[in-house]
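Here's start_3.txt, which has compact mmCIF, C-alpha atoms:
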# COMPACT_ATOMS: atom_id res chain seq x y z
CA MET A 104 -78.99 -11.15 -46.99
CA CYS A 105 -76.27 -13.66 -46.74
CA LEU A 106 -76.35 -16.66 -48.97
CA VAL A 107 -74.37 -19.71 -48.08
CA CYS A 108 -72.43 -20.78 -51.09
CA VAL A 109 -69.74 -23.05 -49.86
CA SER A 110 -69.12 -25.89 -47.59
CA LEU A 111 -65.89 -27.44 -46.68
CA SER A 112 -63.17 -28.62 -44.46
CA GLY A 113 -60.56 -26.05 -43.81
CA MET A 114 -60.50 -24.72 -47.33
CA LEU A 115 -62.87 -23.99 -50.12
CA THR A 116 -63.65 -27.13 -52.00
CA VAL A 117 -66.12 -28.45 -54.45
CA ALA A 118 -69.52 -28.60 -52.87
CA PRO A 119 -70.66 -32.16 -52.41
CA LYS A 120 -72.91 -33.48 -55.13
CA GLY A 121 -76.46 -32.58 -54.38
CA PHE A 122 -75.51 -29.91 -51.87
CA GLN A 123 -78.03 -27.15 -52.27
CA CYS A 124 -77.04 -23.52 -52.24
CA PRO A 125 -79.80 -20.96 -52.54
CA ALA A 126 -80.09 -20.04 -56.18
CA GLU A 127 -78.70 -16.60 -56.67
CA LYS A 128 -77.99 -15.16 -60.06
CA ASN A 129 -75.06 -13.07 -58.95
CA CYS A 130 -73.50 -15.72 -56.78
CA ASN A 131 -70.49 -17.02 -58.66
CA PRO A 132 -67.78 -18.39 -56.35
CA CYS A 133 -65.48 -18.90 -59.34
CA LEU A 134 -65.66 -15.19 -60.15
CA ASP A 135 -64.91 -14.46 -56.51
CA ALA A 136 -61.93 -16.79 -56.71
CA ALA A 137 -60.62 -14.97 -59.79
CA LYS A 138 -61.08 -11.67 -58.00
CA ALA A 139 -59.19 -12.89 -54.95
CA CYS A 140 -56.34 -13.99 -57.22
CA ASN A 141 -56.33 -10.71 -59.13
CA LEU A 142 -56.06 -8.80 -55.87
CA ASN A 143 -52.89 -10.67 -54.97
CA ASN A 144 -49.96 -9.41 -56.98
CA SER A 145 -48.16 -12.73 -57.18
CA CYS A 146 -51.28 -14.74 -58.01
CA LYS A 147 -52.36 -12.26 -60.65
CA LYS A 148 -48.93 -12.31 -62.36
CA GLN A 149 -48.63 -16.07 -62.35
CA ARG A 150 -52.19 -16.58 -63.50
CA SER A 151 -51.71 -14.11 -66.35
CA SER A 152 -48.50 -15.90 -67.21
CA TYR A 153 -49.94 -19.42 -67.55
CA ILE A 154 -53.02 -18.15 -69.35
CA ALA A 155 -50.79 -16.29 -71.82
CA THR A 156 -48.75 -19.45 -72.44
CA CYS A 157 -51.78 -21.70 -72.72
CA SER A 158 -53.76 -19.29 -74.92
CA LYS A 159 -50.98 -18.88 -77.48
CA GLY A 160 -51.94 -19.95 -80.95
CA ASP A 161 -55.11 -18.97 -82.71
CA SER A 162 -57.16 -22.06 -83.49
CA SER A 163 -59.10 -20.14 -86.17
CA LYS A 164 -55.83 -19.69 -88.04
CA GLY A 165 -54.93 -23.31 -87.62
CA GLU A 166 -52.25 -22.56 -85.04
CA THR A 167 -51.99 -24.79 -82.03
CA CYS A 168 -50.65 -24.01 -78.60
CA SER A 169 -47.73 -25.85 -77.07
CA LYS A 170 -49.28 -28.33 -74.67
CA LYS A 171 -45.90 -29.03 -73.15
CA ARG A 172 -45.27 -25.37 -72.36
CA CYS A 173 -48.80 -24.93 -71.11
CA HIS A 174 -48.40 -27.89 -68.75
CA ARG A 175 -45.13 -26.48 -67.47
CA ALA A 176 -46.74 -23.07 -66.89
CA LEU A 177 -49.68 -24.67 -65.09
CA ARG A 178 -47.37 -26.70 -62.86
CA MET A 179 -45.40 -23.59 -62.05
CA PHE A 180 -48.55 -21.70 -61.10
CA LEU A 181 -49.99 -24.53 -59.02
CA ASP A 182 -46.70 -25.43 -57.33
CA ARG A 183 -46.01 -21.84 -56.35
CA MET A 184 -49.46 -20.64 -55.39
CA HIS A 185 -50.87 -21.14 -51.94
CA PRO A 186 -53.95 -23.41 -51.99
CA GLU A 187 -55.89 -20.45 -50.67
CA PHE A 188 -55.78 -19.18 -54.24
CA SER A 189 -55.28 -22.25 -56.43
CA HIS A 190 -57.81 -24.53 -54.71
CA ARG A 191 -60.31 -21.72 -54.66
CA LEU A 192 -60.00 -21.38 -58.43
CA LEU A 193 -60.03 -25.11 -59.15
CA PHE A 194 -62.73 -26.22 -56.74
CA CYS A 195 -65.11 -23.30 -56.58
CA PRO A 196 -68.49 -24.63 -55.44
CA CYS A 197 -70.75 -23.77 -58.35
CA GLN A 198 -74.50 -23.59 -58.43
CA THR A 199 -74.87 -22.42 -62.01
CA GLU A 200 -73.66 -23.68 -65.37
CA GLY A 201 -71.91 -20.39 -66.06
CA CYS A 202 -69.89 -20.80 -62.91
CA ALA A 203 -69.15 -24.46 -63.67
CA GLU A 204 -67.96 -23.56 -67.16
CA ARG A 205 -65.63 -20.96 -65.69
CA ARG A 206 -64.34 -23.63 -63.32
CA ARG A 207 -63.80 -26.02 -66.23
CA GLN A 208 -61.93 -23.31 -68.11
CA THR A 209 -59.53 -22.61 -65.22
CA ILE A 210 -56.76 -24.77 -66.66
CA VAL A 211 -57.36 -23.52 -70.25
CA PRO A 212 -58.53 -27.00 -71.32
CA ASP A 213 -58.37 -26.25 -75.05
CA CYS A 214 -54.60 -26.36 -74.70
CA SER A 215 -53.89 -28.34 -71.55
CA TYR A 216 -56.55 -31.02 -71.72
CA ILE A 217 -58.53 -31.55 -74.91
CA GLU A 218 -56.93 -33.22 -77.92
CA LYS A 219 -58.33 -34.21 -81.29
CA GLU A 220 -58.24 -37.89 -80.44
CA LYS A 221 -59.13 -39.40 -77.10
CA PRO A 222 -56.45 -41.94 -76.25
CA ASN A 223 -57.18 -45.17 -74.41
CA CYS A 224 -56.83 -44.66 -70.66
CA LEU A 225 -54.46 -47.62 -70.29
CA GLU A 226 -52.24 -46.11 -72.96
CA LEU A 227 -52.28 -42.78 -71.10
CA TRP A 228 -51.47 -44.58 -67.86
CA LYS A 229 -48.52 -46.26 -69.54
CA VAL A 230 -47.22 -42.91 -70.79
CA CYS A 231 -47.56 -41.52 -67.27
CA ARG A 232 -45.66 -44.42 -65.73
CA GLN A 233 -42.75 -43.76 -68.09
CA ASP A 234 -42.38 -40.23 -66.79
CA SER A 235 -40.94 -39.91 -63.29
CA LEU A 236 -42.87 -36.76 -62.41
CA CYS A 237 -46.20 -38.11 -63.60
CA ARG A 238 -45.54 -41.51 -62.01
CA SER A 239 -44.80 -40.08 -58.58
CA ARG A 240 -47.64 -37.60 -58.69
CA LEU A 241 -50.10 -40.31 -59.66
CA ALA A 242 -48.84 -42.51 -56.82
CA ASP A 243 -49.29 -39.56 -54.47
CA TYR A 244 -52.82 -39.01 -55.77
CA LEU A 245 -53.77 -42.64 -55.25
CA ALA A 246 -52.27 -42.67 -51.77
CA ASN A 247 -54.19 -39.56 -50.70
CA CYS A 248 -57.40 -39.86 -52.68
CA TRP A 249 -58.28 -43.43 -53.48
CA MET A 250 -60.54 -45.49 -51.25
CA PRO A 251 -61.94 -48.79 -52.41
CA PRO A 252 -65.72 -48.65 -52.90
CA HIS A 253 -68.03 -49.50 -50.00
CA THR A 254 -65.62 -48.48 -47.28
CA ALA A 255 -66.70 -46.52 -44.24
CA SER A 256 -64.48 -43.50 -44.67
CA THR A 257 -64.30 -41.38 -47.78
CA CYS A 258 -60.59 -40.53 -47.81
CA PRO A 259 -57.40 -42.29 -46.76
CA ASN A 260 -55.27 -40.82 -43.97
CA GLN A 261 -58.00 -40.08 -41.45
CA ASP A 262 -60.28 -38.55 -44.03
CA ASN A 263 -57.69 -35.97 -44.97
CA HIS A 264 -59.66 -34.33 -47.70
CA GLN A 265 -57.21 -31.46 -48.07
CA ALA A 266 -54.31 -33.80 -48.85
CA CYS A 267 -56.39 -35.34 -51.60
CA LEU A 268 -57.16 -31.97 -53.17
CA SER A 269 -53.48 -31.05 -53.08
CA SER A 270 -52.49 -34.34 -54.71
CA PHE A 271 -55.17 -33.89 -57.31
CA THR A 272 -53.92 -30.38 -58.05
CA ARG A 273 -50.39 -31.73 -58.57
CA LEU A 274 -51.68 -33.98 -61.37
CA ILE A 275 -52.61 -30.91 -63.39
CA GLY A 276 -49.83 -30.25 -65.86
CA THR A 277 -48.85 -33.92 -66.20
CA GLU A 278 -49.70 -36.39 -68.95
CA ILE A 279 -52.84 -37.39 -67.09
CA THR A 280 -54.05 -33.86 -66.41
CA PRO A 281 -57.59 -34.27 -65.05
CA ASN A 282 -60.41 -31.79 -65.51
CA TYR A 283 -64.16 -31.37 -65.28
CA VAL A 284 -65.64 -33.10 -68.31
CA ASP A 285 -68.45 -30.56 -68.80
CA ASN A 286 -70.18 -27.57 -67.25
CA SER A 287 -72.54 -29.55 -65.07
CA PHE A 288 -72.65 -28.11 -61.56
CA SER A 289 -74.87 -30.62 -59.80
CA ASN A 290 -73.41 -33.83 -61.13
CA TRP A 291 -69.90 -32.92 -62.10
CA VAL A 292 -67.43 -35.53 -63.26
CA ILE A 293 -63.68 -35.29 -63.26
CA SER A 294 -61.58 -37.35 -65.65
CA PRO A 295 -58.34 -37.34 -67.60
CA TRP A 296 -58.78 -36.90 -71.35
CA CYS A 297 -59.10 -40.59 -72.23
CA THR A 298 -61.58 -43.34 -72.99
CA CYS A 299 -61.89 -47.05 -72.29
CA LYS A 300 -63.19 -47.76 -75.77
CA GLY A 301 -60.87 -50.03 -77.66
CA SER A 302 -59.45 -51.71 -74.58
CA GLY A 303 -59.96 -55.21 -75.93
CA ASN A 304 -59.90 -57.73 -73.13
CA GLN A 305 -58.53 -55.15 -70.69
CA GLU A 306 -61.65 -53.07 -70.40
CA GLU A 307 -62.12 -53.91 -66.73
CA GLU A 308 -58.58 -52.87 -65.94
CA CYS A 309 -59.12 -49.69 -67.93
CA MET A 310 -62.36 -48.89 -66.11
CA ASN A 311 -60.64 -49.48 -62.79
CA PHE A 312 -58.09 -46.84 -63.71
CA LEU A 313 -60.74 -44.41 -64.94
CA HIS A 314 -62.71 -44.87 -61.72
CA TYR A 315 -59.78 -43.50 -59.75
CA PHE A 316 -61.12 -40.20 -61.05
CA THR A 317 -64.75 -40.65 -62.02
CA ASN A 318 -65.84 -42.73 -59.02
CA ASN A 319 -63.70 -41.19 -56.35
CA THR A 320 -65.56 -40.70 -53.10
CA CYS A 321 -62.76 -38.71 -51.52
CA LEU A 322 -62.70 -36.30 -54.41
CA SER A 323 -66.44 -35.93 -54.86
CA ASP A 324 -68.25 -36.68 -51.65
CA GLY A 325 -65.46 -36.06 -49.20
CA THR A 326 -66.90 -32.80 -48.09
CA THR A 327 -70.17 -34.36 -46.97
CA SER A 328 -68.56 -35.90 -43.93
CA SER A 329 -66.99 -32.66 -42.90
CA LEU A 330 -70.04 -30.46 -42.98
CA LYS A 331 -69.60 -29.91 -39.27
CA LEU A 332 -66.63 -27.80 -40.17
CA ARG A 333 -68.58 -26.00 -42.80
CA LEU A 334 -67.35 -22.60 -43.69
CA LYS A 335 -69.60 -20.17 -45.31
CA MET A 336 -69.04 -17.48 -47.75
CA CYS A 337 -71.47 -14.78 -48.56
CA CYS A 338 -72.51 -13.69 -51.94
CA MET A 339 -74.28 -10.42 -51.59
CA THR A 340 -76.56 -8.58 -53.91
CA PRO A 341 -75.70 -4.92 -54.47
CA GLN A 342 -78.95 -3.97 -52.78
CA SER A 343 -77.81 -5.64 -49.62
CA TRP A 344 -74.52 -3.81 -49.45
CA SER A 345 -73.98 -1.81 -46.36
CA ALA A 346 -70.90 -0.37 -44.76
CA GLN A 347 -70.65 -3.43 -42.61
CA SER A 348 -71.10 -5.93 -45.39
CA LEU A 349 -68.58 -4.10 -47.53
CA ASN A 350 -66.11 -4.34 -44.72
CA SER A 351 -66.69 -8.03 -44.34
CA LEU A 352 -66.18 -8.52 -48.07
CA GLY A 353 -62.96 -6.55 -47.84
CA LEU A 354 -61.85 -8.90 -45.10
CA MET A 355 -62.79 -11.90 -47.16
CA LEU A 356 -60.59 -10.76 -49.94
CA SER A 357 -57.64 -10.16 -47.73
CA GLY A 358 -56.84 -13.63 -46.54
CA PRO A 359 -57.81 -16.98 -45.18
CA ALA A 360 -59.12 -15.44 -42.00
CA ALA A 361 -61.80 -14.07 -44.18
CA PHE A 362 -64.12 -17.02 -44.11
CA LEU A 363 -66.67 -17.02 -41.43
CA LEU A 364 -67.20 -20.15 -39.43
CA ILE A 365 -70.84 -21.10 -39.15
CA VAL B 125 -51.48 12.46 -74.30
CA TYR B 126 -52.71 11.61 -70.85
CA THR B 127 -52.26 14.45 -68.43
CA PRO B 128 -52.93 13.90 -64.80
CA ASP B 129 -55.66 16.20 -63.63
CA LYS B 130 -55.72 16.11 -59.92
CA LYS B 131 -58.87 18.17 -59.65
CA ARG B 132 -60.97 15.70 -61.65
CA PRO B 133 -61.89 12.66 -59.62
CA TYR B 134 -61.48 9.39 -61.44
CA PRO B 135 -65.00 8.23 -62.10
CA ASP B 136 -64.32 4.60 -61.29
CA GLU B 137 -62.56 5.42 -58.13
CA THR B 138 -65.88 6.07 -56.53
CA GLU B 139 -68.49 3.39 -56.07
CA ALA B 140 -70.04 4.63 -59.29
CA SER B 141 -70.83 1.31 -60.89
CA GLY B 142 -72.69 0.19 -57.84
CA ALA B 143 -75.83 0.44 -59.89
CA GLN B 144 -74.72 -2.64 -61.78
CA PRO B 145 -75.17 -6.09 -60.34
CA SER B 146 -71.57 -6.25 -59.42
CA THR B 147 -69.61 -7.15 -56.38
CA ALA B 148 -66.52 -5.67 -57.93
CA ALA B 149 -67.02 -1.96 -57.81
CA ILE B 150 -65.69 -1.61 -54.34
CA THR B 151 -62.97 0.87 -53.75
CA PRO B 152 -60.19 -0.69 -51.75
CA ASN B 153 -59.45 1.17 -48.58
CA HIS B 154 -55.92 2.01 -49.58
CA VAL B 155 -57.19 3.85 -52.63
CA ARG B 156 -59.44 5.96 -50.53
CA SER B 157 -56.68 6.88 -48.13
CA ARG B 158 -54.40 7.84 -50.98
CA ARG B 159 -57.05 10.05 -52.45
CA SER B 160 -57.22 12.04 -49.27
CA THR B 161 -53.69 13.25 -49.97
CA VAL B 162 -54.50 14.75 -53.32
CA GLU B 163 -51.23 16.63 -53.53
CA SER B 164 -49.15 13.49 -53.15
CA HIS B 165 -46.20 12.80 -55.38
CA CYS B 166 -46.49 10.86 -58.60
CA SER B 167 -47.03 7.22 -57.66
CA LEU B 168 -48.87 4.02 -58.47
CA ARG B 169 -52.57 4.03 -57.61
CA SER B 170 -55.08 1.27 -58.02
CA VAL B 171 -58.76 0.81 -58.48
CA LEU B 172 -60.77 -2.40 -58.38
CA LEU B 173 -63.16 -2.66 -61.28
CA GLN B 174 -64.80 -5.09 -63.61
CA VAL B 175 -63.15 -5.82 -66.94
CA ARG B 176 -66.20 -4.52 -68.81
CA ASP B 177 -65.71 -1.12 -67.17
CA LEU B 178 -62.27 -0.80 -68.78
CA GLY B 179 -64.00 0.40 -71.95
CA LEU B 180 -61.94 -1.90 -74.16
CA GLY B 181 -64.95 -3.80 -75.43
CA TYR B 182 -64.44 -6.98 -73.41
CA ASP B 183 -67.58 -8.37 -71.81
CA SER B 184 -66.37 -9.97 -68.64
CA ASP B 185 -67.62 -9.93 -65.07
CA GLU B 186 -64.14 -10.65 -63.82
CA SER B 187 -62.69 -8.06 -61.44
CA ILE B 188 -59.20 -6.75 -61.78
CA LEU B 189 -57.06 -4.29 -59.92
CA PHE B 190 -56.26 -1.62 -62.47
CA LYS B 191 -53.10 0.26 -61.56
CA TYR B 192 -52.31 3.68 -62.94
CA CYS B 193 -50.02 6.61 -62.27
CA SER B 194 -51.11 9.83 -60.69
CA GLY B 195 -49.74 12.59 -58.52
CA THR B 196 -47.81 15.78 -58.76
CA CYS B 197 -44.45 16.21 -60.42
CA PRO B 198 -42.07 18.91 -59.23
CA ARG B 199 -41.29 21.47 -61.86
CA VAL B 200 -37.53 21.57 -62.16
CA LEU B 201 -36.40 23.86 -64.93
CA SER B 202 -33.54 22.60 -67.03
CA ASN B 203 -31.42 24.59 -69.49
CA HIS B 204 -33.55 22.95 -72.15
CA ASP B 205 -36.75 24.39 -70.68
CA LEU B 206 -35.14 27.79 -70.20
CA THR B 207 -33.95 27.90 -73.80
CA LEU B 208 -37.32 26.75 -75.07
CA SER B 209 -39.07 29.57 -73.21
CA ASN B 210 -36.58 32.11 -74.54
CA LEU B 211 -36.97 30.91 -78.13
CA LEU B 212 -40.75 31.10 -77.90
CA LEU B 213 -40.61 34.57 -76.40
CA SER B 214 -38.17 35.85 -79.01
CA GLY B 215 -40.19 34.38 -81.86
CA LEU B 216 -37.38 32.14 -83.11
CA LEU B 217 -39.75 29.26 -82.49
CA THR B 218 -43.38 29.67 -83.39
CA HIS B 219 -46.03 28.73 -80.87
CA PRO B 220 -47.66 25.44 -81.77
CA ALA B 221 -51.23 25.51 -83.00
CA PRO B 222 -53.97 24.90 -80.44
CA GLY B 223 -54.34 21.22 -79.82
CA GLN B 224 -50.71 20.55 -80.64
CA GLN B 225 -49.29 22.28 -77.63
CA TRP B 226 -46.46 20.68 -75.75
CA HIS B 227 -46.47 20.36 -72.03
CA ASP B 228 -44.24 22.71 -70.16
CA SER B 229 -44.29 20.69 -66.97
CA PRO B 230 -43.41 17.06 -66.26
CA CYS B 231 -46.11 14.44 -66.54
CA CYS B 232 -46.71 11.53 -64.21
CA ARG B 233 -46.60 8.54 -66.55
CA ALA B 234 -46.35 4.77 -66.39
CA THR B 235 -42.82 3.61 -67.09
CA HIS B 236 -43.52 -0.12 -66.75
CA HIS B 237 -46.64 -2.04 -67.57
CA GLU B 238 -48.04 -5.45 -66.85
CA ASP B 239 -50.30 -7.75 -68.84
CA MET B 240 -53.63 -8.97 -67.59
CA ALA B 241 -55.49 -12.17 -68.44
CA PHE B 242 -59.15 -12.88 -67.88
CA LEU B 243 -62.03 -15.07 -69.00
CA ASP B 244 -64.88 -13.28 -70.77
CA ASN B 245 -68.56 -14.06 -70.33
CA SER B 246 -68.49 -16.30 -73.42
CA HIS B 247 -65.79 -18.30 -71.63
CA ARG B 248 -62.94 -17.28 -73.87
CA TRP B 249 -59.57 -16.37 -72.45
CA HIS B 250 -58.00 -13.04 -73.28
CA LYS B 251 -54.60 -11.65 -72.61
CA VAL B 252 -54.30 -7.89 -72.81
CA GLU B 253 -50.78 -6.61 -73.02
CA LYS B 254 -49.63 -3.55 -71.11
CA LEU B 255 -52.97 -3.02 -69.48
CA SER B 256 -51.94 -2.01 -66.01
CA ALA B 257 -49.14 0.24 -64.83
CA ALA B 258 -46.31 -1.36 -62.88
CA GLY B 259 -44.08 1.67 -62.29
CA CYS B 260 -44.42 5.44 -62.47
CA SER B 261 -42.14 8.34 -63.04
CA CYS B 262 -42.26 12.06 -63.73
CA VAL B 263 -41.45 12.38 -67.41
CA GLY B 264 -40.21 15.55 -69.09

Rewritten as structure tokens:
Amino acid sequence: MCLVCVSLSGMLTVAPKGFQCPAEKNCNPCLDAAKACNLNNSCKKQRSSYIATCSKGDSSKGETCSKKRCHRALRMFLDRMHPEFSHRLLFCPCQTEGCAERRRQTIVPDCSYIEKEKPNCLELWKVCRQDSLCRSRLADYLANCWMPPHTASTCPNQDNHQACLSSFTRLIGTEITPNYVDNSFSNWVISPWCTCKGSGNQEEECMNFLHYFTNNTCLSDGTTSSLKLRLKMCCMTPQSWSAQSLNSLGLMLSGPAAFLLI
Amino acid sequence: VYTPDKKRPYPDETEASGAQPSTAAITPNHVRSRRSTVESHCSLRSVLLQVRDLGLGYDSDESILFKYCSGTCPRVLSNHDLTLSNLLLSGLLTHPAPGQQWHDSPCCRATHHEDMAFLDNSHRWHKVEKLSAAGCSCVG
């Protein structure tokens, strides 16, 4: 009856690459995350607020949204919301493309992420360094998320995966806002909206910067090491509903105590 | 004009859409407990449902807590109501045609609303203004 959908350390996170969850059509952890947010008055209001700001402007009429305002609204939402809600929305462990697309859409990428032209990553990095908020948040991200390749542990600070996710979340709404590049659920890649094409003789330096996101073991595989602390979440089919299972779902929606330890 | 009908159960307040492959059509406990006091005063109620069940034409599996106003409103006659009754009785005012009748008792109505945002199944964001009630009052 109960399908394991999630694994993680202390909080819902992206499932490690290759982690298999039983295929279930109706199992969409990102929908569950949206539901949890909508059931919390504060989360619902703030989510509606940033979506309204970031959805302004009809692209079919040639209008564009204000990226600056959208970034500010996203930062406000992510700074104010407890990770119980924000991390659940951003890192829902998807097993379908539909779910992964919903996850990609969380930050309203058409406004907050995608631009007509893809700038060079080194150029983007330079812009970030010139802004105190972006600079400090990037430094925080590197301190909490970046491990050189071929090291034993996956995350700095005693494998503190949660600190990395929080630092990553704080980058959203800055000049180097990262996001999922597509709707792949098994081999997802996270990157800022930039490219290393046209780097001249600095391509290696550019790739090194890009790998902070695309080749980040703490961000992608961090959960593998903490499977012992795996939490599970149940996605139930309507047929399997019973009074008891409904109660447990009600509990799940009500707070962090909701997740059942395996 | 929406008139609260306390005898008619709200269809979505039950687990009616359980036939659909949905995890959303679950009535929160607090709704159920409020329903047990049918005669309660006009107040904010809520029901958890899927966006598609709103009947607004949006195809989305997302679940939202739809808040609405329901409950009884005490009938307090004002001089206005008294005069209106007298004028109707005396024939100085003609009775409105059927279907255009005014309400002679206060209605429980939403006085404040809130917007809702959601992602539809084609992965497009929508913001619907004044979708949910945020405050209720007896009007009239």

Counting only C-alpha atoms, a student should be able to say which residues of chain A come within 7 Å of chain B; what is the right answer, written as JSON, numbers by chain?
{"A": [134, 137, 138, 141, 142, 151, 154, 155, 158, 205, 341]}

Expected residue set, 12 Å radius at (-65.9, -41.0, -56.4), only C-alpha atoms, as a PyMOL selection string
chain A and resi 119-120+248-254+257-258+290-294+311+313-326

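The list of residues with at least one atom within 8 Å of Tyr216 (chain A), based on only C-alpha atoms and without residues fewer than 3 positions apart in the same chain, reads Val211, Pro212, Asp213, Thr280, Pro281, Asn282, Pro295 and Trp296 of chain A.
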
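For the set A:Pro132, A:Pro259, A:Pro222, A:Gly160, the residue with the smallest atom-to-atom gap to Thr199 (chain A) is A:Pro132, counting all atoms listed in the file.
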
Between B:Val200, B:Leu216, B:Cys232, B:Ala221, single out the one closest to Cys166 (chain B), counting only C-alpha atoms.
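Checking each candidate against Cys166 (chain B), we get B:Cys232 as the closest.
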